[in-house]
$ cat entry_23.pdb   # PDB, C-alpha atoms and all ligand atoms
ATOM      1  CA  MET A   1     -27.899  11.185  44.949
ATOM      2  CA  SER A   2     -28.686   8.033  43.010
ATOM      3  CA  ASN A   3     -26.108   5.874  41.286
ATOM      4  CA  GLU A   4     -28.329   5.263  38.274
ATOM      5  CA  LEU A   5     -26.845   6.078  34.893
ATOM      6  CA  PRO A   6     -27.857   9.270  33.098
ATOM      7  CA  SER A   7     -29.562   9.360  29.703
ATOM      8  CA  ARG A   8     -26.865   8.452  27.183
ATOM      9  CA  THR A   9     -28.451  10.651  24.518
ATOM     10  CA  SER A  10     -28.093  13.633  26.840
ATOM     11  CA  ILE A  11     -24.367  12.901  27.012
ATOM     12  CA  TRP A  12     -24.321  12.428  23.227
ATOM     13  CA  ALA A  13     -25.811  15.928  22.791
ATOM     14  CA  ALA A  14     -23.388  17.577  25.208
ATOM     15  CA  ALA A  15     -20.482  15.709  23.591
ATOM     16  CA  ALA A  16     -21.573  16.989  20.162
ATOM     17  CA  ARG A  17     -21.616  20.547  21.543
ATOM     18  CA  ALA A  18     -18.172  19.965  23.066
ATOM     19  CA  VAL A  19     -16.756  18.665  19.768
ATOM     20  CA  GLY A  20     -18.105  21.820  18.119
ATOM     21  CA  ALA A  21     -16.277  24.007  20.660
ATOM     22  CA  GLY A  22     -15.459  27.355  19.145
ATOM     23  CA  ARG A  23     -18.400  27.160  16.748
ATOM     24  CA  ASN A  24     -21.006  25.989  19.234
ATOM     25  CA  PRO A  25     -21.886  28.762  21.708
ATOM     26  CA  ASP A  26     -21.973  26.208  24.550
ATOM     27  CA  TYR A  27     -18.405  26.792  25.696
ATOM     28  CA  LEU A  28     -19.137  24.912  28.957
ATOM     29  CA  ALA A  29     -20.016  21.556  27.368
ATOM     30  CA  ALA A  30     -16.373  20.521  27.066
ATOM     31  CA  LYS A  31     -15.896  20.991  30.817
ATOM     32  CA  LEU A  32     -18.851  18.771  31.647
ATOM     33  CA  ILE A  33     -17.927  15.820  29.456
ATOM     34  CA  GLY A  34     -15.013  14.146  31.212
ATOM     35  CA  ALA A  35     -13.618  10.613  31.164
ATOM     36  CA  ALA A  36     -16.576   9.053  33.016
ATOM     37  CA  GLU A  37     -19.080  10.652  30.639
ATOM     38  CA  ARG A  38     -17.043   9.640  27.558
ATOM     39  CA  ALA A  39     -16.939   6.101  28.909
ATOM     40  CA  LEU A  40     -20.742   6.056  28.987
ATOM     41  CA  LEU A  41     -20.718   6.642  25.212
ATOM     42  CA  GLY A  42     -18.679   3.443  24.778
ATOM     43  CA  GLU A  43     -17.132   3.038  21.318
ATOM     44  CA  HIS A  44     -19.112   5.944  19.908
ATOM     45  CA  GLN A  45     -17.270   8.183  17.394
ATOM     46  CA  LEU A  46     -18.004  11.279  19.517
ATOM     47  CA  ALA A  47     -16.163   9.794  22.493
ATOM     48  CA  ARG A  48     -13.211   9.107  20.227
ATOM     49  CA  ALA A  49     -13.377  12.616  18.760
ATOM     50  CA  LEU A  50     -13.236  14.146  22.239
ATOM     51  CA  GLU A  51     -10.429  11.947  23.450
ATOM     52  CA  PHE A  52      -8.152  11.731  20.407
ATOM     53  CA  GLY A  53      -9.542  14.192  17.855
ATOM     54  CA  ASP A  54      -8.426  11.936  14.989
ATOM     55  CA  ASN A  55     -11.862  11.330  13.425
ATOM     56  CA  LEU A  56     -13.328  14.817  13.205
ATOM     57  CA  GLN A  57     -14.313  14.299   9.555
ATOM     58  CA  HIS A  58     -16.313  11.142  10.318
ATOM     59  CA  LEU A  59     -19.891  11.644   9.060
ATOM     60  CA  GLU A  60     -21.433  10.911  12.454
ATOM     61  CA  VAL A  61     -19.127  13.424  14.163
ATOM     62  CA  GLN A  62     -19.671  16.114  11.512
ATOM     63  CA  SER A  63     -23.416  15.669  11.454
ATOM     64  CA  ALA A  64     -23.774  15.608  15.256
ATOM     65  CA  MET A  65     -21.597  18.692  15.597
ATOM     66  CA  GLN A  66     -23.475  20.643  12.894
ATOM     67  CA  THR A  67     -26.894  19.617  14.203
ATOM     68  CA  LEU A  68     -26.024  20.820  17.684
ATOM     69  CA  ILE A  69     -24.641  24.132  16.412
ATOM     70  CA  VAL A  70     -27.946  24.813  14.645
ATOM     71  CA  ARG A  71     -29.995  23.664  17.632
ATOM     72  CA  THR A  72     -28.006  25.588  20.247
ATOM     73  CA  LYS A  73     -28.006  28.825  18.250
ATOM     74  CA  PHE A  74     -31.715  28.607  17.355
ATOM     75  CA  VAL A  75     -32.652  28.127  21.027
ATOM     76  CA  ASP A  76     -30.180  30.743  22.296
ATOM     77  CA  GLU A  77     -31.630  33.314  19.892
ATOM     78  CA  GLY A  78     -35.157  32.447  21.024
ATOM     79  CA  LEU A  79     -34.121  32.854  24.647
ATOM     80  CA  GLU A  80     -32.537  36.252  24.027
ATOM     81  CA  ARG A  81     -35.624  37.402  22.112
ATOM     82  CA  ALA A  82     -37.913  36.137  24.882
ATOM     83  CA  ILE A  83     -36.025  37.968  27.624
ATOM     84  CA  ALA A  84     -35.981  41.138  25.527
ATOM     85  CA  GLY A  85     -39.758  40.689  25.178
ATOM     86  CA  GLY A  86     -40.300  40.640  28.947
ATOM     87  CA  VAL A  87     -40.176  36.939  29.851
ATOM     88  CA  THR A  88     -39.409  36.400  33.558
ATOM     89  CA  GLN A  89     -39.417  32.585  33.783
ATOM     90  CA  VAL A  90     -37.505  30.014  31.750
ATOM     91  CA  VAL A  91     -38.417  26.329  31.890
ATOM     92  CA  ILE A  92     -35.882  23.902  30.419
ATOM     93  CA  LEU A  93     -37.720  20.621  30.028
ATOM     94  CA  GLY A  94     -35.652  17.452  29.616
ATOM     95  CA  ALA A  95     -32.704  19.720  30.357
ATOM     96  CA  GLY A  96     -29.951  17.120  30.182
ATOM     97  CA  TRP A  97     -26.619  18.973  30.262
ATOM     98  CA  ASP A  98     -28.109  22.330  29.329
ATOM     99  CA  THR A  99     -25.769  25.134  30.496
ATOM    100  CA  ARG A 100     -27.940  28.175  29.762
ATOM    101  CA  ALA A 101     -28.530  29.025  33.439
ATOM    102  CA  HIS A 102     -24.761  29.508  33.648
ATOM    103  CA  ARG A 103     -23.973  30.788  30.159
ATOM    104  CA  PHE A 104     -26.717  33.405  30.322
ATOM    105  CA  ALA A 105     -26.399  34.182  34.049
ATOM    106  CA  ASP A 106     -26.283  37.936  33.389
ATOM    107  CA  LEU A 107     -29.143  38.002  30.890
ATOM    108  CA  LEU A 108     -31.263  35.826  33.200
ATOM    109  CA  ARG A 109     -30.526  37.812  36.380
ATOM    110  CA  GLY A 110     -34.101  39.078  36.619
ATOM    111  CA  ALA A 111     -35.711  35.744  35.690
ATOM    112  CA  ARG A 112     -36.348  32.410  37.385
ATOM    113  CA  VAL A 113     -34.985  29.309  35.676
ATOM    114  CA  PHE A 114     -36.408  25.804  36.147
ATOM    115  CA  GLU A 115     -34.453  22.787  34.933
ATOM    116  CA  VAL A 116     -36.747  19.781  34.770
ATOM    117  CA  ASP A 117     -35.528  16.269  34.016
ATOM    118  CA  GLN A 118     -35.481  12.658  35.106
ATOM    119  CA  ALA A 119     -33.649  11.908  38.354
ATOM    120  CA  ALA A 120     -30.627   9.944  37.147
ATOM    121  CA  THR A 121     -29.664  12.481  34.494
ATOM    122  CA  GLN A 122     -30.309  15.531  36.641
ATOM    123  CA  ASN A 123     -28.425  14.158  39.655
ATOM    124  CA  TRP A 124     -25.375  13.255  37.573
ATOM    125  CA  LYS A 125     -25.400  16.586  35.745
ATOM    126  CA  ARG A 126     -25.732  18.588  39.003
ATOM    127  CA  ARG A 127     -22.758  16.797  40.530
ATOM    128  CA  ARG A 128     -20.678  17.386  37.403
ATOM    129  CA  VAL A 129     -21.642  21.091  37.246
ATOM    130  CA  GLY A 130     -20.483  21.462  40.859
ATOM    131  CA  GLU A 131     -17.168  19.783  40.039
ATOM    132  CA  THR A 132     -16.355  21.674  36.853
ATOM    133  CA  ILE A 133     -18.303  24.932  36.611
ATOM    134  CA  GLY A 134     -19.098  25.857  40.215
ATOM    135  CA  ALA A 135     -22.090  26.987  42.192
ATOM    136  CA  ASP A 136     -25.429  27.346  40.459
ATOM    137  CA  PRO A 137     -26.950  30.803  40.147
ATOM    138  CA  ALA A 138     -29.445  31.535  42.919
ATOM    139  CA  ASN A 139     -32.334  31.866  40.432
ATOM    140  CA  LEU A 140     -32.029  28.213  39.261
ATOM    141  CA  THR A 141     -34.447  25.576  40.591
ATOM    142  CA  TYR A 142     -34.102  21.872  39.759
ATOM    143  CA  LEU A 143     -37.250  19.760  39.503
ATOM    144  CA  LEU A 144     -37.703  16.065  38.743
ATOM    145  CA  ILE A 145     -40.191  14.681  36.241
ATOM    146  CA  ASP A 146     -40.995  11.617  34.200
ATOM    147  CA  LEU A 147     -43.274  12.908  31.461
ATOM    148  CA  ARG A 148     -44.649   9.444  30.823
ATOM    149  CA  HIS A 149     -46.259   9.455  34.272
ATOM    150  CA  GLN A 150     -46.341  13.063  35.473
ATOM    151  CA  THR A 151     -47.519  16.342  34.042
ATOM    152  CA  LEU A 152     -45.434  19.465  33.709
ATOM    153  CA  ALA A 153     -48.327  21.359  35.315
ATOM    154  CA  ASP A 154     -48.132  19.363  38.566
ATOM    155  CA  VAL A 155     -44.346  19.408  38.803
ATOM    156  CA  LEU A 156     -43.982  23.118  38.078
ATOM    157  CA  SER A 157     -46.790  24.246  40.338
ATOM    158  CA  ALA A 158     -45.256  22.278  43.232
ATOM    159  CA  GLY A 159     -41.884  23.856  42.388
ATOM    160  CA  GLY A 160     -42.776  27.550  42.606
ATOM    161  CA  TYR A 161     -43.641  28.302  38.965
ATOM    162  CA  ASP A 162     -45.941  31.317  38.619
ATOM    163  CA  PRO A 163     -48.555  30.821  35.873
ATOM    164  CA  ASP A 164     -49.133  34.580  35.624
ATOM    165  CA  GLN A 165     -45.595  35.309  34.427
ATOM    166  CA  LYS A 166     -44.530  35.209  30.798
ATOM    167  CA  THR A 167     -42.409  32.102  30.342
ATOM    168  CA  PHE A 168     -40.010  30.727  27.730
ATOM    169  CA  PHE A 169     -40.146  26.922  27.460
ATOM    170  CA  ILE A 170     -37.118  25.128  26.017
ATOM    171  CA  TRP A 171     -37.837  21.538  24.957
ATOM    172  CA  GLU A 172     -34.709  20.517  23.115
ATOM    173  CA  GLY A 173     -34.012  16.962  21.980
ATOM    174  CA  VAL A 174     -36.893  15.417  23.936
ATOM    175  CA  THR A 175     -40.184  15.045  22.009
ATOM    176  CA  MET A 176     -38.904  12.168  19.873
ATOM    177  CA  TYR A 177     -38.492   9.995  22.990
ATOM    178  CA  LEU A 178     -42.047  10.468  24.238
ATOM    179  CA  PRO A 179     -45.457   8.959  23.524
ATOM    180  CA  GLU A 180     -47.533  11.287  21.322
ATOM    181  CA  ALA A 181     -50.046  11.878  24.150
ATOM    182  CA  ALA A 182     -47.294  13.263  26.411
ATOM    183  CA  VAL A 183     -46.125  15.647  23.663
ATOM    184  CA  ARG A 184     -49.663  16.843  22.925
ATOM    185  CA  ASP A 185     -50.654  17.214  26.594
ATOM    186  CA  THR A 186     -47.516  19.205  27.387
ATOM    187  CA  LEU A 187     -47.958  21.592  24.441
ATOM    188  CA  LEU A 188     -51.672  21.905  25.222
ATOM    189  CA  TRP A 189     -50.808  22.982  28.780
ATOM    190  CA  ILE A 190     -48.120  25.393  27.552
ATOM    191  CA  ALA A 191     -50.750  26.937  25.258
ATOM    192  CA  GLN A 192     -52.748  27.870  28.373
ATOM    193  CA  GLN A 193     -49.883  29.731  30.066
ATOM    194  CA  ALA A 194     -49.489  33.511  30.287
ATOM    195  CA  GLN A 195     -50.027  35.336  27.004
ATOM    196  CA  GLY A 196     -46.738  36.084  25.244
ATOM    197  CA  SER A 197     -45.068  32.926  26.571
ATOM    198  CA  SER A 198     -43.411  30.742  23.946
ATOM    199  CA  VAL A 199     -41.895  27.328  23.385
ATOM    200  CA  VAL A 200     -39.072  26.027  21.212
ATOM    201  CA  PHE A 201     -38.965  22.310  20.528
ATOM    202  CA  ASP A 202     -37.388  20.031  17.964
ATOM    203  CA  PHE A 203     -39.038  16.991  16.469
ATOM    204  CA  ALA A 204     -38.531  14.094  14.101
ATOM    205  CA  HIS A 205     -40.604  13.890  10.928
ATOM    206  CA  ARG A 206     -43.057  10.997  10.994
ATOM    207  CA  ASN A 207     -41.493   9.344   7.925
ATOM    208  CA  LEU A 208     -38.242   8.928   9.856
ATOM    209  CA  ILE A 209     -40.084   7.103  12.636
ATOM    210  CA  ASP A 210     -41.682   4.944   9.899
ATOM    211  CA  SER A 211     -38.229   4.216   8.424
ATOM    212  CA  ILE A 212     -36.991   3.024  11.813
ATOM    213  CA  ALA A 213     -39.855   0.534  11.903
ATOM    214  CA  ALA A 214     -39.128  -0.496   8.282
ATOM    215  CA  MET A 215     -35.448  -1.005   9.097
ATOM    216  CA  ALA A 216     -36.394  -3.447  11.824
ATOM    217  CA  LYS A 217     -38.121  -5.445   9.031
ATOM    218  CA  GLY A 218     -35.050  -5.497   6.783
ATOM    219  CA  TRP A 219     -35.216  -2.170   4.875
ATOM    220  CA  GLU A 220     -31.734  -0.859   4.063
ATOM    221  CA  PRO A 221     -30.892   2.873   3.975
ATOM    222  CA  PRO A 222     -30.157   3.866   0.333
ATOM    223  CA  THR A 223     -27.049   6.035   0.869
ATOM    224  CA  GLU A 224     -23.968   6.102   3.061
ATOM    225  CA  ALA A 225     -25.210   9.246   4.814
ATOM    226  CA  ALA A 226     -28.614   7.686   5.486
ATOM    227  CA  ARG A 227     -26.878   4.575   6.807
ATOM    228  CA  VAL A 228     -24.864   6.689   9.271
ATOM    229  CA  GLY A 229     -28.068   8.406  10.369
ATOM    230  CA  MET A 230     -29.876   5.117  10.851
ATOM    231  CA  ASP A 231     -26.860   3.705  12.720
ATOM    232  CA  ARG A 232     -27.254   6.598  15.144
ATOM    233  CA  LEU A 233     -30.900   5.751  15.698
ATOM    234  CA  ARG A 234     -30.011   2.086  16.191
ATOM    235  CA  GLN A 235     -27.380   3.105  18.736
ATOM    236  CA  ILE A 236     -29.739   5.270  20.778
ATOM    237  CA  LYS A 237     -32.325   2.505  20.736
ATOM    238  CA  ALA A 238     -29.639   0.200  22.147
ATOM    239  CA  TRP A 239     -29.103   2.804  24.876
ATOM    240  CA  GLY A 240     -32.763   2.302  25.777
ATOM    241  CA  GLU A 241     -33.925   5.616  24.308
ATOM    242  CA  PRO A 242     -35.684   4.824  21.010
ATOM    243  CA  TRP A 243     -37.205   7.589  18.855
ATOM    244  CA  ILE A 244     -40.934   6.966  18.829
ATOM    245  CA  PHE A 245     -42.666  10.271  18.086
ATOM    246  CA  GLY A 246     -42.753  12.330  14.910
ATOM    247  CA  ILE A 247     -44.858  14.997  13.200
ATOM    248  CA  PRO A 248     -45.878  14.455   9.545
ATOM    249  CA  ASP A 249     -43.700  16.338   7.057
ATOM    250  CA  GLY A 250     -44.792  19.957   6.703
ATOM    251  CA  ALA A 251     -47.442  19.662   9.429
ATOM    252  CA  ALA A 252     -45.780  21.387  12.404
ATOM    253  CA  ASP A 253     -47.821  24.543  11.871
ATOM    254  CA  ALA A 254     -51.113  22.592  11.925
ATOM    255  CA  PHE A 255     -49.910  20.442  14.830
ATOM    256  CA  VAL A 256     -49.238  23.368  17.183
ATOM    257  CA  SER A 257     -52.212  25.405  15.938
ATOM    258  CA  GLU A 258     -54.588  22.546  16.800
ATOM    259  CA  LEU A 259     -53.208  22.655  20.336
ATOM    260  CA  GLY A 260     -53.905  26.383  20.613
ATOM    261  CA  LEU A 261     -50.426  27.788  19.946
ATOM    262  CA  ALA A 262     -49.435  30.291  17.264
ATOM    263  CA  HIS A 263     -46.768  28.844  14.973
ATOM    264  CA  ARG A 264     -43.840  31.259  14.630
ATOM    265  CA  GLU A 265     -41.337  29.257  12.602
ATOM    266  CA  THR A 266     -40.169  25.782  11.667
ATOM    267  CA  LEU A 267     -36.598  25.316  10.482
ATOM    268  CA  GLY A 268     -35.292  22.110   8.892
ATOM    269  CA  MET A 269     -32.215  21.213  10.898
ATOM    270  CA  ALA A 270     -30.172  20.423   7.776
ATOM    271  CA  SER A 271     -31.809  22.945   5.471
ATOM    272  CA  THR A 272     -29.843  25.443   3.410
ATOM    273  CA  GLU A 273     -31.596  28.170   5.412
ATOM    274  CA  ALA A 274     -30.280  26.690   8.690
ATOM    275  CA  ALA A 275     -26.793  26.348   7.225
ATOM    276  CA  ARG A 276     -26.803  29.949   5.973
ATOM    277  CA  ARG A 277     -27.981  31.259   9.340
ATOM    278  CA  TYR A 278     -25.892  29.156  11.661
ATOM    279  CA  LEU A 279     -23.140  27.287   9.781
ATOM    280  CA  SER A 280     -21.684  30.114   7.660
ATOM    281  CA  TRP A 281     -22.825  28.387   4.437
ATOM    282  CA  ASP A 282     -22.417  31.126   1.829
ATOM    283  CA  ARG A 283     -22.309  29.174  -1.444
ATOM    284  CA  ASP A 284     -25.042  29.478  -4.063
ATOM    285  CA  GLU A 285     -25.799  25.752  -4.142
ATOM    286  CA  PRO A 286     -27.988  23.984  -1.558
ATOM    287  CA  PHE A 287     -26.392  22.737   1.652
ATOM    288  CA  PRO A 288     -25.553  19.081   0.961
ATOM    289  CA  ALA A 289     -26.727  17.635   4.266
ATOM    290  CA  ALA A 290     -28.281  14.319   3.516
ATOM    291  CA  ILE A 291     -28.785  12.814   6.893
ATOM    292  CA  ARG A 292     -30.833  15.231   8.938
ATOM    293  CA  GLN A 293     -33.598  16.220   6.546
ATOM    294  CA  PHE A 294     -36.109  14.351   8.679
ATOM    295  CA  TYR A 295     -35.600  16.541  11.670
ATOM    296  CA  SER A 296     -36.739  20.130  12.420
ATOM    297  CA  ILE A 297     -36.953  22.724  15.161
ATOM    298  CA  ALA A 298     -39.919  25.007  15.776
ATOM    299  CA  GLU A 299     -41.026  27.941  17.865
ATOM    300  CA  ALA A 300     -44.633  28.669  18.833
ATOM    301  CA  THR A 301     -46.166  31.340  21.026
ATOM    302  CA  VAL A 302     -49.054  31.555  23.466
ATOM    303  CA  LEU A 303     -51.911  33.717  22.212
TER     304      LEU A 303
HETATM  305  C1  LIG B 401     -31.207  13.928  23.913
HETATM  306  S1  LIG B 401     -31.369  14.402  25.601
HETATM  307  C2  LIG B 401     -31.514  16.174  25.401
HETATM  308  C3  LIG B 401     -30.998  16.896  26.599
HETATM  309  C4  LIG B 401     -30.906  18.414  26.463
HETATM  310  N1  LIG B 401     -32.214  19.021  26.340
HETATM  311  C5  LIG B 401     -30.054  18.791  25.282
HETATM  312  O1  LIG B 401     -30.581  19.249  24.282
HETATM  313  O2  LIG B 401     -28.842  18.602  25.369
HETATM  314  C6  LIG B 401     -32.986  13.857  26.027
HETATM  315  C7  LIG B 401     -33.441  14.357  27.381
HETATM  316  O3  LIG B 401     -34.831  14.039  27.514
HETATM  317  C8  LIG B 401     -35.044  13.577  28.816
HETATM  318  N2  LIG B 401     -36.217  12.700  28.801
HETATM  319  C9  LIG B 401     -36.412  11.603  28.036
HETATM  320  N3  LIG B 401     -37.572  10.993  28.374
HETATM  321  C10 LIG B 401     -38.115  11.747  29.362
HETATM  322  C11 LIG B 401     -39.286  11.625  30.145
HETATM  323  N4  LIG B 401     -40.130  10.594  29.999
HETATM  324  N5  LIG B 401     -39.526  12.573  31.077
HETATM  325  C12 LIG B 401     -38.672  13.596  31.265
HETATM  326  N6  LIG B 401     -37.532  13.761  30.557
HETATM  327  C13 LIG B 401     -37.249  12.839  29.628
HETATM  328  C14 LIG B 401     -33.779  12.822  29.161
HETATM  329  O4  LIG B 401     -33.630  12.641  30.560
HETATM  330  C15 LIG B 401     -32.720  13.715  28.552
HETATM  331  O5  LIG B 401     -32.265  14.693  29.442
END
$ encode --input "entry_23.pdb" --output "structure tokens" --more "lines below"
Ligand SMILES: C[S@@+](CC[C@H](N)C(=O)[O-])C[C@H]1O[C@@H](n2cnc3c(N)ncnc32)[C@H](O)[C@@H]1O
Amino acid sequence: MSNELPSRTSIWAAAARAVGAGRNPDYLAAKLIGAAERALLGEHQLARALEFGDNLQHLEVQSAMQTLIVRTKFVDEGLERAIAGGVTQVVILGAGWDTRAHRFADLLRGARVFEVDQAATQNWKRRRVGETIGADPANLTYLLIDLRHQTLADVLSAGGYDPDQKTFFIWEGVTMYLPEAAVRDTLLWIAQQAQGSSVVFDFAHRNLIDSIAAMAKGWEPPTEAARVGMDRLRQIKAWGEPWIFGIPDGAADAFVSELGLAHRETLGMASTEAARRYLSWDRDEPFPAAIRQFYSIAEATVL
């Protein structure tokens, strides 16, 4: 196993699920994020929240926790629907610290699961799973990829993926880190997989990517919430994982349709609809989330 450091944003995501413990369905995240993983987050508010729990109302902590509750539940529901619809393969692309192979071990008993990620992150995660959760289910296969230089098609076909089986692709928290060509090529290939397959993926809106560029030229976020959001993006850039890809506002349907997929749904991560569905928001007024309105999650199916 290599000694390289894992993706810090993958630890950030698992830490946000762990902070949301009790409300986030990923009850295993808290086991995976120990002292060494917290240390990799440095001075980040999430590391502090996990260690001391004295800053749970901090905007960064609240927003990260809420975002990951919405994201986890949206994907979990898609997975359950896919299995009920006869899917027999699950591909988790850019898996990070995804725990679904373990959390859904019973549901996935009749399916094959492929976790695909870069080496440093996958190696670290596998070691940590062994230490804290235990043996992997027999139906789980780990595969290595760098989507900037390799295609999902090549990696999966060398790893035992069967293109004739209906497959559910989970692509959570990854597209924003990739060149547009890698996002398009991957979705284009998914669109050619067995009919009835589907993909869930989240994405930044293009105007957020534009704001990041503007900030580098001196633009200042107009509100406290926007400043916290932009601080997060600055932090992940400093971790070497800048957000570079986005889809124009309102264009997700056209984006996936052009690539041959049928758009099922797009949900704004901080929308009132998302809050009603996943965050128990039952007031009449809109959900007041100011900092994640440039970020959505979508599901599309293979025709
Ligand atoms: C924010 S993490 C999300 C991890 C996990 N899917 C989750 O939601 O918790 C981003 C993930 O994308 C992966 N990733 C980033 N660039 C990649 C690339 N070029 N090829 C493959 N995976 C990549 C990272 O290794 C990391 O696991």
$ residues_near_ligand --input "entry_23.pdb" --ligand "ligand LIG 401 (chain B)" --cutoff "10 Å" --atoms "only C-alpha atoms and all ligand atoms" --output "ChimeraX atom specification"
/A:6-17,29,68,71-72,75,92-99,115-122,125,144-152,170-179,182,201-202,236,241-242
$ atom_distance --input "entry_23.pdb" --atom1 "CA of Leu261 in chain A" --atom2 "CA of Ile247 in chain A"
15.5 Å
$ closest_residue --input "entry_23.pdb" --among "A:Gly229, A:Gly22, A:Pro221, A:Gly250" --to "Ser63 in chain A" --atoms "all atoms listed in the file"
A:Gly229
$ resolve_selection --input "entry_23.pdb" --expression "the PyMOL selection byres (((chain A and resi 271) around 12) and not hetatm)" --output "VMD selection string"
chain A and resid 66 to 67 70 266 to 270 272 to 279 281 285 to 297
$ resolve_selection --input "entry_23.pdb" --expression "the PyMOL selection byres (((chain A and resi 207) around 9) and not hetatm)" --output "list in words"
Ala204, His205, Arg206, Leu208, Ile209, Asp210, Ser211, Ile212, Gly246, Ile247, Pro248, Asp249 and Phe294 of chain A
$ atom_distance --input "entry_23.pdb" --atom1 "CA of Gly110 in chain A" --atom2 "CA of Ile69 in chain A"
26.9 Å
$ closest_residue --input "entry_23.pdb" --among "A:His102, A:Arg81, A:His263, A:Arg227" --to "Val302 in chain A" --atoms "all atoms listed in the file"
A:His263
$ residues_near_point --input "entry_23.pdb" --point "(-14.9, 14.3, 22.7)" --cutoff "7 Å" --atoms "all atoms listed in the file" --output "PyMOL selection string"
chain A and resi 15+18-19+46-51
$ atom_distance --input "entry_23.pdb" --atom1 "CA of Phe255 in chain A" --atom2 "CA of Ser198 in chain A"
15.2 Å
$ closest_residue --input "entry_23.pdb" --among "A:Glu258, A:Ala213, A:Ala84, A:His58" --to "Met230 in chain A" --atoms "all atoms listed in the file"
A:Ala213
$ build_atoms --input "entry_23.pdb" --residues "range 43-55 of chain A" --atoms "N, CA and C atoms" --output "JSON list (two decimals), in the frame of the given file"
[["chain", "number", "residue", "atom", "x", "y", "z"],
["A", 43, "GLU", "N", -17.99, 2.94, 22.52],
["A", 43, "GLU", "CA", -17.13, 3.04, 21.32],
["A", 43, "GLU", "C", -17.59, 4.15, 20.38],
["A", 44, "HIS", "N", -18.53, 4.95, 20.81],
["A", 44, "HIS", "CA", -19.11, 5.94, 19.91],
["A", 44, "HIS", "C", -18.05, 6.90, 19.35],
["A", 45, "GLN", "N", -18.24, 7.30, 18.07],
["A", 45, "GLN", "CA", -17.27, 8.18, 17.39],
["A", 45, "GLN", "C", -17.09, 9.52, 18.13],
["A", 46, "LEU", "N", -18.14, 10.00, 18.80],
["A", 46, "LEU", "CA", -18.00, 11.28, 19.52],
["A", 46, "LEU", "C", -17.04, 11.15, 20.70],
["A", 47, "ALA", "N", -17.08, 10.01, 21.37],
["A", 47, "ALA", "CA", -16.16, 9.79, 22.49],
["A", 47, "ALA", "C", -14.74, 9.80, 21.98],
["A", 48, "ARG", "N", -14.54, 9.16, 20.83],
["A", 48, "ARG", "CA", -13.21, 9.11, 20.23],
["A", 48, "ARG", "C", -12.76, 10.51, 19.80],
["A", 49, "ALA", "N", -13.70, 11.25, 19.22],
["A", 49, "ALA", "CA", -13.38, 12.62, 18.76],
["A", 49, "ALA", "C", -12.93, 13.48, 19.94],
["A", 50, "LEU", "N", -13.59, 13.32, 21.08],
["A", 50, "LEU", "CA", -13.24, 14.15, 22.24],
["A", 50, "LEU", "C", -11.91, 13.71, 22.84],
["A", 51, "GLU", "N", -11.66, 12.41, 22.80],
["A", 51, "GLU", "CA", -10.43, 11.95, 23.45],
["A", 51, "GLU", "C", -9.20, 12.11, 22.56],
["A", 52, "PHE", "N", -9.34, 11.75, 21.28],
["A", 52, "PHE", "CA", -8.15, 11.73, 20.41],
["A", 52, "PHE", "C", -8.22, 12.77, 19.29],
["A", 53, "GLY", "N", -9.41, 13.18, 18.90],
["A", 53, "GLY", "CA", -9.54, 14.19, 17.86],
["A", 53, "GLY", "C", -9.05, 13.74, 16.49],
["A", 54, "ASP", "N", -8.98, 12.41, 16.26],
["A", 54, "ASP", "CA", -8.43, 11.94, 14.99],
["A", 54, "ASP", "C", -9.51, 11.51, 13.99],
["A", 55, "ASN", "N", -10.78, 11.77, 14.31],
["A", 55, "ASN", "CA", -11.86, 11.33, 13.42],
["A", 55, "ASN", "C", -12.88, 12.45, 13.21]]
